[in-house]
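Trainee: To start, I am sharing the structure in question, which I have written as structure tokens.
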Amino acid sequence: MTGKPHRLAEGGSRIDRSKPVSFSFDGKSLTGFEGDTLASAVMASGQRVFGRSFKYHRPRGLVGLGSEEMNALVGVGIGARAEPNLRATQVELYAGLSAISQNRWPSLSFDIGAINNKLSRLFPGGFYYKTFMWPKSFWKHVYEPFIRRAAGLGKAAEERDPDTYEHMHLHADVVVVGGGIAGLTAAEAAGASGVRVLLIDENPGLGGVADLTAGKIGEGSVADHAAGLAARLRAMNNVHILARTTAVGHYHHNYMMAAERVADHDPSLLAAGAPRHRLWKIRAGHVIIASGALERPIAFANNDRPGIMLATAARAMVTRYGVAPGKEGIVFTNNDDAYLTAFALKAAGIAVRVVDSRARPDGALVQRAMAEGIAVSAGSVISAVEGSLSIKAVKVAAYRKGQGRVITEKRVTCDFIAMSGGFNPVLHLWCHNGGRIKFDDALASYRPATHSDAISAIGAANGTMSVAETLTEAVAAGEAAAKSVNAKAKASKIKLPAVTEPKRGPLETLWFAPATGGYNEGNKHFIDFQNDVTAADLELAQREGYESVEHTKRYTTFGMATDQGKTSNINGLGVLSEATGKTIPEIGITTFRPPYTPYSMGAIAGALTGKLFLPVRRTALFQWHTDHGAVFEPIGQWRRAYAYLRTDEDKHAAITREILSVRNAVGLLDASTLGKIEIKGPDAAEFLDRVYTNMFSTLKIGKCRYGLMMNELGFLTDDGVTVRLGENHFLMHTTSGGADRIAAWLEEWLQTEWTHYKVFVTPVTEQWSQFAIAGPKARAVLAKLSPDFDVSNEAFPHMSFKSGRLGGYPVRVFRISFSGEQSYEVATPANLGPGLWEAIMEAGQEFGMAPYGTEALHVLRAEKGYIVVGDETDGTTTPIDVGLEGLVSKKKADFLGKRSLEQSYLKGPNRKQLVGLLTEDPNEVLPDGAYAVREVKDKPPMEMIGQVTSTYMSPTLGRSIAMALIENGRARMGEVIAFPLEGGKVVKAKITGTVFYDKDGGRISA
Amino acid sequence: MIVVTCPVCGAKGDETDFHYGGQAHVRRPASHDPLNITDELQRDYLFIRHNPRGLHFERWRCDRGCGKWFHAARDTATLEFKAFYGMTELPPEDLQNEAKGPWADEFKSRVKAP
Amino acid sequence: MLEARFESALAHRDGDGNTYVTLRELNERGMIDVRGLATDKKFLAAAKSVLGLDLPKAPRSSATWGDMRVFWLSTDQWLITCPRAKAQALSDELVAALGVIHSLVVNVSDMRSIIRLEGERSREVVMKGSTLDLTDGDYGPGTVRRMRFAEIAALLHIVEEQVIDIYVFRSYADYAFEFLLKAARNGSEVALLDERRQLPAN
């Protein structure tokens, strides 16, 4: 598989022969030059095989020039930095680069999986759907592991990625995608008018394929002109260039994503702190697509053998890197452009002949080839290829357009083939956001038509293959783009130099180069190289009735590999067209989806990994909690202390201790996350009457009231205590999770429905640290802190409010309780929170005070039958369902949700109602969410009549308690219902009221 | 990601800086005559929405700007915004004339009212 | 008597010295949220009588008077920043001056944390987390606007050309600071923005 070095003695516009670069491929030490790609350096070493194919494990070599490369996918880097599936054509060589081939075991030249190739009759199109069907029991243990192992190509690193990634946002008036002569010219024209231009190109340098293009612009070559343009653009301070950056997606209103490979080419940048990749999120005024065209392969028998390349890629190998694709080559074409490759090969001293499928090609380049003595076999195709790891010879056969199989063949020795089936404009970005395209017969491909965004396409991306026309089109597009974002933009005044270019003859479509046999006679004409889809597979799909191209795509997986059909799409449509007798436009085209080329997951995540993966909200006491053994639980984005574990204590022991300390002495809870909203205005009371189910206009100043909120459907959405601070001034508490939502909800109704109300709403949740001092000794602790207000039960009864000071701390104190105990919630400005908390803990020490977490809080409230919106409710639960109809006003004419509560479907007798549950075995704690059934049967299905909403072991009662929503529950007091659990166990529980502790409520107002 | 412009504060930005609030110009029966609402009227208010291909009137909130709600007229096929207008306003007259479905009647009845 | 102890959200955090802009918490500013109608002349006059300056009416603008700044937040909302020690007294004065005029004044000095970015590239660092085009001439000194920053809500204040304050709700201060440390890490400078900064405002 490795031959002699193929580096030519001279030539190579991209490489610096004075700077050798050592690297390794599959463990073998090799040397290339600065400027090489991994592809050119490996080719220079004589190696042809880069990997094995996906399904058949056929040896595969380099085919393409850049991001369209479908075979030479390699793994680059080692250990944590190993990245699979990179296109070798895009990997820039650097000293110490380590790359491996993929999808082969144990080695490239001998691969066990290649047996699939021998068995290929067993893997026809639709193989996956036909094979992995039955028996059902095979799915989990046979098929799925097989598919998982077979799917994908390279292996991802298993270690954590050591590099960083980031996002960057940018706005530009004009974004030009593609730095070839079209894009450069358009950028200059737009930039000359003064607007902000961004030019994006996925290559390290600018110029695109100017160096591979025939003709003269002015006195110089096309490449000279491109170099001049690039230099002028770099000098313009309103034109910015992003190189090594792939425009991966185009979205609504000219939003674009572009992935920049910042440091892949130079590890020293990483060491200096650079992100490896940067994802640009760009908003453009106008987008110009100048992304060029991709050459089409030709579908001939065994067209995937290593050594068969695209004609432009072979040309680039010689002219850019001074690498010979082989010693003796054949250019196989259906168009004039590939003749340029023949000239380049000949100039480099490589033997070459041309096989042209057209009967009478006569363009200027063809004539030149003949004049230069290059053998041209017109009206011929390659009908067979000899060799597997490398090519030994081909068979050339006479061919007339439309011929189904060839009759006579002639053997011709060669060791590589440069093929060209024409060019496809790169339409991906144009189509990502719904751009329309039209079929162009001369190109035998699609080109852009119309688009609803401000976007234009120029040059080869627009199907314009002539240099002269491209330049004219580019200047016009650049000027128009500038004008579309700034009406006052001046004309660019660019004077285009004269262009001379060879006159081209027409292309003749060749969707299928016939062999001696037909589609299904042992010849593999690859259409989609990466997914191993052949012309025969597509034809079979047609015969099996997959008429829609979208169905054929999914059935055969054609166009679904990582290259997203860049080189295969139109060829596949061509084959389908011939198989069905329909035209290509009649066949239709599959959807183009982002990304244009795959980019890293790291770039997608950007900086938001590790600690930044999800925003975490901390109360002012976070550090104190951490220092005192707290384990945290997420409540939305908040982290709340769940329980405080002392040395040698598990969670259960800590929770039990915390609960008993509240019931028997006093506890301290960080309740800072509760939502707090100030509401003020002459209509504030009336407004609250509209948003709460119960009445607030009657609340007295300095008093607190518990309220329920419904949405317009009549379902509970939030609850909390609201305080009247003044005649027109209220402070509303919401649930922790509801704080932002309810503030927005109040604003919405004020702004959109009751616009006549004079009410202001200001959320103040984070202004305050708020702590609940709860337990029989709560008042004693508060008194010890020397408040400047009277804390006696008479002066400060349950459900009232005081504002004052605790020494140096300004406080708002609410006598409210979620535990059923005597309880004071003390609020102080958040930056004073840690100090006040510690002062309270110190004052409470002599009374046995302990901090308690959210789990103790939940058990305490459940013992009292207090609901939690979100536990006892599920978004379809009404206040009546949870037994709080007493809080639904009958006096108010209107409040949110009122009319819906009267709808018949919320009134029926079969609504689920909240009840308490006592299990028959007091030590049995029902699982949360357990279903009650009407009748226990041997196996499901069983009719469900309700579910457990809260369930705990109550240390206060020394037994388990639960609440549940049970069909018609309140009429079933005393009834024993059954909860079948997983594993066949059935737990029985008696329906009771929801208040388990201190039923007359004496403790709360003690 | 589409670009939205707030007619209240002029903030222009990605749709994620805004909050979409569904169909505009929906009448809430209970705000007008709370005691005489048929089940059908309430059903329509809660659940029935127009879903045209083309001109659509909708509500947005300037979430990361002034916090105000406003109206927009948008073509649901091209995603082009035809107009942004205030929360208590009706669309520009030419768009009112173009309006179909429930909006057409709504605009006519509102224009008649003094 | 109990002495109050002050502890801001980032009291225990400092820049790690490995950033290309300097980052620090400004915890000496107090803040007052003021709601009132910009169309209500009595409201505007009463506010001016206390503040000594007109409440700014232009979106995203701010006004400065001595050690006090007023940010426009909405058509009926302003944020006053002043030395923390003065905030409660100023808030009480405003409430008294406004009396029965429809308004809502709340001392919210502890609700947000302020992180200051200083350095030539401070705008670039913000743009790593925000879609706002800070290279645009619209964002001159004095500009204030709410924004989405990384994954959270924030308030942006361009103090000077190269000095930016980011206001975040207190509970998110740690997250915002972490993000800024990462975004401003030495070596992650964005070359393209060098050219942008030289552009005149258009």
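Residue names in the structure tokens use chain letters A, B, ... in the order shown, residue numbers from 1 in each chain, and ligand numbers from 1 in the order shown.
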As a ChimeraX atom specification, could you give me every residue of chain C near chain A (at most 8 Å apart, counting only C-alpha atoms)?
Mentor: /C:1-9,35-36,102-104,108-112,127-133,151-152,169-172,174-175,178-179,182-183,185-189,192,195-196,198-199
Trainee: Could you please take those selected residues and save N, CA and C atoms as a tab-separated table (two decimals), in the first residue's frame?
Mentor:
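So the final result, stored in out11.tsv, reads:
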```tsv
chain	number	residue	atom	x	y	z
C	1	MET	N	-25.51	46.42	71.61
C	1	MET	CA	-26.42	46.37	70.47
C	1	MET	C	-25.78	45.58	69.32
C	2	LEU	N	-26.65	44.94	68.54
C	2	LEU	CA	-26.22	44.12	67.42
C	2	LEU	C	-25.65	45.00	66.30
C	3	GLU	N	-24.41	44.77	65.92
C	3	GLU	CA	-23.81	45.53	64.81
C	3	GLU	C	-24.10	44.81	63.51
C	4	ALA	N	-24.55	45.56	62.49
C	4	ALA	CA	-24.82	44.92	61.20
C	4	ALA	C	-23.50	44.64	60.47
C	5	ARG	N	-23.45	43.47	59.87
C	5	ARG	CA	-22.25	43.09	59.10
C	5	ARG	C	-22.59	43.05	57.62
C	6	PHE	N	-21.78	43.69	56.80
C	6	PHE	CA	-22.04	43.80	55.36
C	6	PHE	C	-21.20	42.77	54.60
C	7	GLU	N	-21.85	42.06	53.69
C	7	GLU	CA	-21.10	41.06	52.90
C	7	GLU	C	-21.71	40.99	51.51
C	8	SER	N	-21.01	41.56	50.52
C	8	SER	CA	-21.57	41.56	49.16
C	8	SER	C	-21.38	40.20	48.51
C	9	ALA	N	-22.05	40.01	47.36
C	9	ALA	CA	-22.09	38.68	46.73
C	9	ALA	C	-20.71	38.17	46.34
C	35	ARG	N	-40.56	53.95	39.89
C	35	ARG	CA	-41.61	53.81	38.87
C	35	ARG	C	-42.49	55.04	38.90
C	36	GLY	N	-42.87	55.53	37.75
C	36	GLY	CA	-43.77	56.67	37.66
C	36	GLY	C	-44.04	56.91	36.19
C	102	HIS	N	-48.90	59.01	41.84
C	102	HIS	CA	-48.80	57.59	41.49
C	102	HIS	C	-47.34	57.23	41.17
C	103	SER	N	-46.74	56.43	42.02
C	103	SER	CA	-45.32	56.10	41.87
C	103	SER	C	-44.98	54.92	42.78
C	104	LEU	N	-43.83	54.35	42.57
C	104	LEU	CA	-43.35	53.29	43.47
C	104	LEU	C	-41.83	53.41	43.54
C	108	VAL	N	-33.34	49.19	46.29
C	108	VAL	CA	-32.98	47.84	45.85
C	108	VAL	C	-31.46	47.69	45.82
C	109	SER	N	-30.81	48.34	46.77
C	109	SER	CA	-29.34	48.37	46.77
C	109	SER	C	-28.70	46.98	46.83
C	110	ASP	N	-29.42	46.01	47.37
C	110	ASP	CA	-28.84	44.68	47.54
C	110	ASP	C	-29.32	43.67	46.50
C	111	MET	N	-30.17	44.15	45.58
C	111	MET	CA	-30.82	43.23	44.65
C	111	MET	C	-29.87	42.81	43.52
C	112	ARG	N	-28.98	43.74	43.14
C	112	ARG	CA	-28.08	43.44	42.03
C	112	ARG	C	-26.63	43.56	42.49
C	127	MET	N	-19.15	41.09	24.30
C	127	MET	CA	-19.72	40.52	23.07
C	127	MET	C	-19.57	38.99	23.00
C	128	LYS	N	-18.73	38.43	23.85
C	128	LYS	CA	-18.67	36.96	23.88
C	128	LYS	C	-19.92	36.38	24.54
C	129	GLY	N	-20.64	37.21	25.29
C	129	GLY	CA	-21.83	36.70	25.95
C	129	GLY	C	-23.11	37.41	25.56
C	130	SER	N	-23.00	38.40	24.69
C	130	SER	CA	-24.18	39.19	24.37
C	130	SER	C	-24.27	39.42	22.88
C	131	THR	N	-25.50	39.48	22.37
C	131	THR	CA	-25.68	39.71	20.93
C	131	THR	C	-25.61	41.19	20.57
C	132	LEU	N	-25.47	42.06	21.56
C	132	LEU	CA	-25.47	43.49	21.25
C	132	LEU	C	-24.22	43.84	20.45
C	133	ASP	N	-24.38	44.79	19.53
C	133	ASP	CA	-23.25	45.19	18.70
C	133	ASP	C	-22.54	46.37	19.35
C	151	GLU	N	-26.20	33.12	29.95
C	151	GLU	CA	-27.53	32.52	30.08
C	151	GLU	C	-28.42	33.31	31.04
C	152	ILE	N	-28.03	34.54	31.36
C	152	ILE	CA	-28.80	35.24	32.39
C	152	ILE	C	-29.19	36.65	31.93
C	169	PHE	N	-28.52	40.15	38.77
C	169	PHE	CA	-29.19	39.87	40.03
C	169	PHE	C	-28.20	39.14	40.94
C	170	ARG	N	-28.28	39.49	42.23
C	170	ARG	CA	-27.28	39.08	43.19
C	170	ARG	C	-26.99	37.57	43.16
C	171	SER	N	-28.04	36.78	42.99
C	171	SER	CA	-27.86	35.33	43.06
C	171	SER	C	-27.04	34.80	41.88
C	172	TYR	N	-26.97	35.60	40.80
C	172	TYR	CA	-26.23	35.17	39.61
C	172	TYR	C	-24.80	35.73	39.57
C	174	ASP	N	-22.01	35.13	41.04
C	174	ASP	CA	-20.93	34.16	40.95
C	174	ASP	C	-20.84	33.58	39.53
C	175	TYR	N	-21.99	33.26	38.98
C	175	TYR	CA	-22.04	32.71	37.62
C	175	TYR	C	-21.48	33.73	36.62
C	178	GLU	N	-17.71	34.08	36.96
C	178	GLU	CA	-17.05	32.91	36.35
C	178	GLU	C	-17.01	33.04	34.83
C	179	PHE	N	-18.14	33.44	34.27
C	179	PHE	CA	-18.21	33.57	32.81
C	179	PHE	C	-17.20	34.61	32.32
C	182	LYS	N	-13.65	33.49	32.27
C	182	LYS	CA	-13.36	32.59	31.14
C	182	LYS	C	-13.31	33.38	29.83
C	183	ALA	N	-14.27	34.28	29.66
C	183	ALA	CA	-14.34	35.03	28.40
C	183	ALA	C	-13.13	35.93	28.22
C	185	ARG	N	-10.11	35.44	29.38
C	185	ARG	CA	-8.86	34.73	29.65
C	185	ARG	C	-7.76	35.17	28.68
C	186	ASN	N	-6.56	35.42	29.22
C	186	ASN	CA	-5.44	35.79	28.37
C	186	ASN	C	-5.24	34.75	27.27
C	187	GLY	N	-5.00	35.23	26.08
C	187	GLY	CA	-4.79	34.32	24.95
C	187	GLY	C	-6.04	34.12	24.13
C	188	SER	N	-7.20	34.52	24.68
C	188	SER	CA	-8.45	34.32	23.93
C	188	SER	C	-8.92	35.61	23.27
C	189	GLU	N	-8.01	36.58	23.15
C	189	GLU	CA	-8.38	37.83	22.48
C	189	GLU	C	-8.85	37.54	21.05
C	192	LEU	N	-10.02	39.97	15.28
C	192	LEU	CA	-10.88	40.73	14.38
C	192	LEU	C	-11.39	42.02	15.02
C	195	GLU	N	-9.51	45.47	14.64
C	195	GLU	CA	-9.81	46.33	13.50
C	195	GLU	C	-11.11	47.08	13.75
C	196	ARG	N	-12.10	46.37	14.33
C	196	ARG	CA	-13.39	46.99	14.58
C	196	ARG	C	-13.27	48.22	15.47
C	198	GLN	N	-11.06	50.37	15.71
C	198	GLN	CA	-10.52	51.58	15.10
C	198	GLN	C	-11.54	52.30	14.24
C	199	LEU	N	-12.68	51.67	14.03
C	199	LEU	CA	-13.67	52.28	13.15
C	199	LEU	C	-14.31	53.49	13.81
```
Trainee: So that I can see what lies close to Glu161 of chain C, please list as a ChimeraX atom specification the residues with an atom at most 7 Å from it, counting only C-alpha atoms and leaving out residues fewer than 3 positions away in the same chain.
Mentor: /C:140-141,158
Trainee: Which residue out of B:His19, B:Lys108, B:Arg53, B:Lys100 has the minimum interatomic distance to chain A when only C-alpha atoms are used?
Mentor: B:His19
Trainee: Quick one: distance from atom CA of Thr951 of chain A to atom CA of Met799 of chain A in Å, one decimal?
Mentor: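 Between atom CA of Thr951 of chain A and atom CA of Met799 of chain A the gap works out to 27.7 Å.
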Trainee: Which residue is closest to Glu967 of chain A? Choose from A:Thr647, A:Gln947, A:Thr609, A:Ser661 and count only C-alpha atoms.
Mentor: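 Among the listed residues, A:Gln947 lies closest to Glu967 of chain A.
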